[in-house]
Amino acid sequence: MTEEALDAMGPVDYIVVEWTGQQPNGEAIPHLIDLVDRGIVRILDLAFVTKGEDGTVAQIELNELGAEFAIFDGASSNLLDDEDINEAASAIEPGTSAAILVWENLWAAPFASALRKNGGQLVASGRIPVQALLATLEAAEA
């Protein structure tokens with residue numbers, strides 16, 4: 001990727017989503033496709049893993065998950081390597097499956113690019129889980 005292309009990119013995020021005792025059923029796929037179709041995000045990488053009861057980690061091929069996952073075949077920028085997948089798998093419990101999703105926030109690309117061109121740089125970032133927001137609101141109401 002060229003320096004110019006990198007400069008035009010939006011922030012890149014990742015998530016690891018765990019399913020206990022089962023594999024994903026594809027229910028969220030239409031929502032992710034909608035975000036892509038509307039130009040809000042660009043999927044950079046998507047990997048599925050399973051972690052055995054003994055802690056053994058194995059990748060799950062898309063064709064093992066069902067036809068609805070075929071749309072993601074080839075959705076890989078090769079950002080995720082084996083080390084990344086093993087690190088992500090360390091966050092999940094034995095006997096579970098997980099999806100590792102890496103995406104670019106296209107909606108923020110012009111803003112992020114303008115900040116970089118003006119000498120700005122990201123020095124901190126984070127997320128507030130919905131459960132934490134709900135707990136704070138409940139505590140405030142009490």
# chains A, B, ... in the order shown; residues from 1 in each chain; ligands from 1
>>> residues_around(residues="stretch 45-59 of chain A", least_positions_apart="3", cutoff="12 Å", atoms="only C-alpha atoms", output="PyMOL selection string")
chain A and resi 12-24+29+32+41-42+62-65+69-104
>>> write_last_selection(atoms="C-alpha atoms", output="PDB file, in the first residue's frame")
ATOM      1  CA  VAL A  12      -8.817   0.632  11.872  1.00  0.00           C
ATOM      2  CA  ASP A  13     -10.566  -1.337  14.618  1.00  0.00           C
ATOM      3  CA  TYR A  14     -10.920  -4.973  15.554  1.00  0.00           C
ATOM      4  CA  ILE A  15     -13.217  -7.103  17.672  1.00  0.00           C
ATOM      5  CA  VAL A  16     -13.168 -10.664  18.911  1.00  0.00           C
ATOM      6  CA  VAL A  17     -16.660 -12.112  19.408  1.00  0.00           C
ATOM      7  CA  GLU A  18     -17.066 -15.401  21.280  1.00  0.00           C
ATOM      8  CA  TRP A  19     -19.820 -18.010  20.987  1.00  0.00           C
ATOM      9  CA  THR A  20     -20.065 -20.492  23.842  1.00  0.00           C
ATOM     10  CA  GLY A  21     -20.576 -24.096  22.779  1.00  0.00           C
ATOM     11  CA  GLN A  22     -21.600 -23.253  19.226  1.00  0.00           C
ATOM     12  CA  GLN A  23     -20.548 -21.573  16.035  1.00  0.00           C
ATOM     13  CA  PRO A  24     -22.004 -18.338  14.629  1.00  0.00           C
ATOM     14  CA  ILE A  29     -24.131 -10.962   8.423  1.00  0.00           C
ATOM     15  CA  LEU A  32     -22.294  -6.149   8.465  1.00  0.00           C
ATOM     16  CA  VAL A  41     -16.741   0.323   6.932  1.00  0.00           C
ATOM     17  CA  ARG A  42     -14.380  -1.747   4.821  1.00  0.00           C
ATOM     18  CA  LEU A  62     -15.810 -20.273   5.941  1.00  0.00           C
ATOM     19  CA  ASN A  63     -17.256 -23.263   4.089  1.00  0.00           C
ATOM     20  CA  GLU A  64     -17.536 -25.052   7.452  1.00  0.00           C
ATOM     21  CA  LEU A  65     -19.869 -22.335   8.748  1.00  0.00           C
ATOM     22  CA  PHE A  69     -20.646 -16.950   5.113  1.00  0.00           C
ATOM     23  CA  ALA A  70     -19.450 -17.468   1.512  1.00  0.00           C
ATOM     24  CA  ILE A  71     -19.811 -13.744   0.822  1.00  0.00           C
ATOM     25  CA  PHE A  72     -16.692 -13.189   2.958  1.00  0.00           C
ATOM     26  CA  ASP A  73     -14.568 -15.629   0.982  1.00  0.00           C
ATOM     27  CA  GLY A  74     -11.440 -13.711   0.046  1.00  0.00           C
ATOM     28  CA  ALA A  75     -12.100 -10.880   2.531  1.00  0.00           C
ATOM     29  CA  SER A  76      -8.525 -10.749   3.711  1.00  0.00           C
ATOM     30  CA  SER A  77      -5.837  -8.094   3.617  1.00  0.00           C
ATOM     31  CA  ASN A  78      -3.460 -10.493   5.375  1.00  0.00           C
ATOM     32  CA  LEU A  79      -3.168  -8.160   8.361  1.00  0.00           C
ATOM     33  CA  LEU A  80      -4.083 -11.054  10.643  1.00  0.00           C
ATOM     34  CA  ASP A  81      -1.289 -13.569  10.932  1.00  0.00           C
ATOM     35  CA  ASP A  82      -1.019 -16.717  13.063  1.00  0.00           C
ATOM     36  CA  GLU A  83       0.394 -14.739  15.983  1.00  0.00           C
ATOM     37  CA  ASP A  84      -2.579 -12.332  15.904  1.00  0.00           C
ATOM     38  CA  ILE A  85      -5.046 -15.202  15.712  1.00  0.00           C
ATOM     39  CA  ASN A  86      -3.412 -16.988  18.651  1.00  0.00           C
ATOM     40  CA  GLU A  87      -3.392 -13.766  20.672  1.00  0.00           C
ATOM     41  CA  ALA A  88      -7.086 -13.202  19.930  1.00  0.00           C
ATOM     42  CA  ALA A  89      -7.822 -16.819  20.809  1.00  0.00           C
ATOM     43  CA  SER A  90      -6.167 -16.294  24.203  1.00  0.00           C
ATOM     44  CA  ALA A  91      -9.094 -14.006  25.038  1.00  0.00           C
ATOM     45  CA  ILE A  92     -11.694 -16.733  24.520  1.00  0.00           C
ATOM     46  CA  GLU A  93     -12.622 -19.621  26.775  1.00  0.00           C
ATOM     47  CA  PRO A  94     -11.997 -23.294  26.005  1.00  0.00           C
ATOM     48  CA  GLY A  95     -14.944 -24.936  24.242  1.00  0.00           C
ATOM     49  CA  THR A  96     -15.903 -21.784  22.316  1.00  0.00           C
ATOM     50  CA  SER A  97     -15.759 -20.395  18.802  1.00  0.00           C
ATOM     51  CA  ALA A  98     -14.907 -16.828  17.868  1.00  0.00           C
ATOM     52  CA  ALA A  99     -14.861 -14.371  15.007  1.00  0.00           C
ATOM     53  CA  ILE A 100     -11.996 -11.932  14.634  1.00  0.00           C
ATOM     54  CA  LEU A 101     -13.018  -8.935  12.554  1.00  0.00           C
ATOM     55  CA  VAL A 102     -10.695  -6.118  11.440  1.00  0.00           C
ATOM     56  CA  TRP A 103     -12.258  -3.151   9.645  1.00  0.00           C
ATOM     57  CA  GLU A 104     -11.486   0.344   8.454  1.00  0.00           C
TER      58      GLU A 104
END
>>> select_by_dssp(residues="chain A", states="helix (DSSP H, G or I)", output="ChimeraX atom specification")
/A:3-7,29-37,62-64,67-72,82-89,106-117,130-141
>>> atom_distance(atom1="atom CA of A:Leu137", atom2="atom CA of A:Ala124")
24.5 Å
>>> select_by_dssp(residues="chain A", states="strand (DSSP E)", output="PyMOL selection string")
chain A and resi 12-20+41-51+57-60+96-105
>>> residues_around(residues="A:Leu106", least_positions_apart="6", cutoff="10 Å", atoms="only C-alpha atoms", output="list in words")
Ala8, Met9, Gly10, Pro11, Val12, Leu35, Val36, Arg38, Gly39, Ile40, Val41, Arg42, Ile43 and Ala112 of chain A
>>> atom_distance(atom1="atom CA of A:Ile128", atom2="atom CA of A:Ile60")
29.4 Å
>>> atom_distance(atom1="atom CA of A:Asn25", atom2="atom CA of A:Glu61")
14.0 Å
>>> closest_residue(among="A:Glu138, A:Gln131, A:Asp7, A:Thr2", to="A:Phe111", atoms="only C-alpha atoms")
A:Asp7
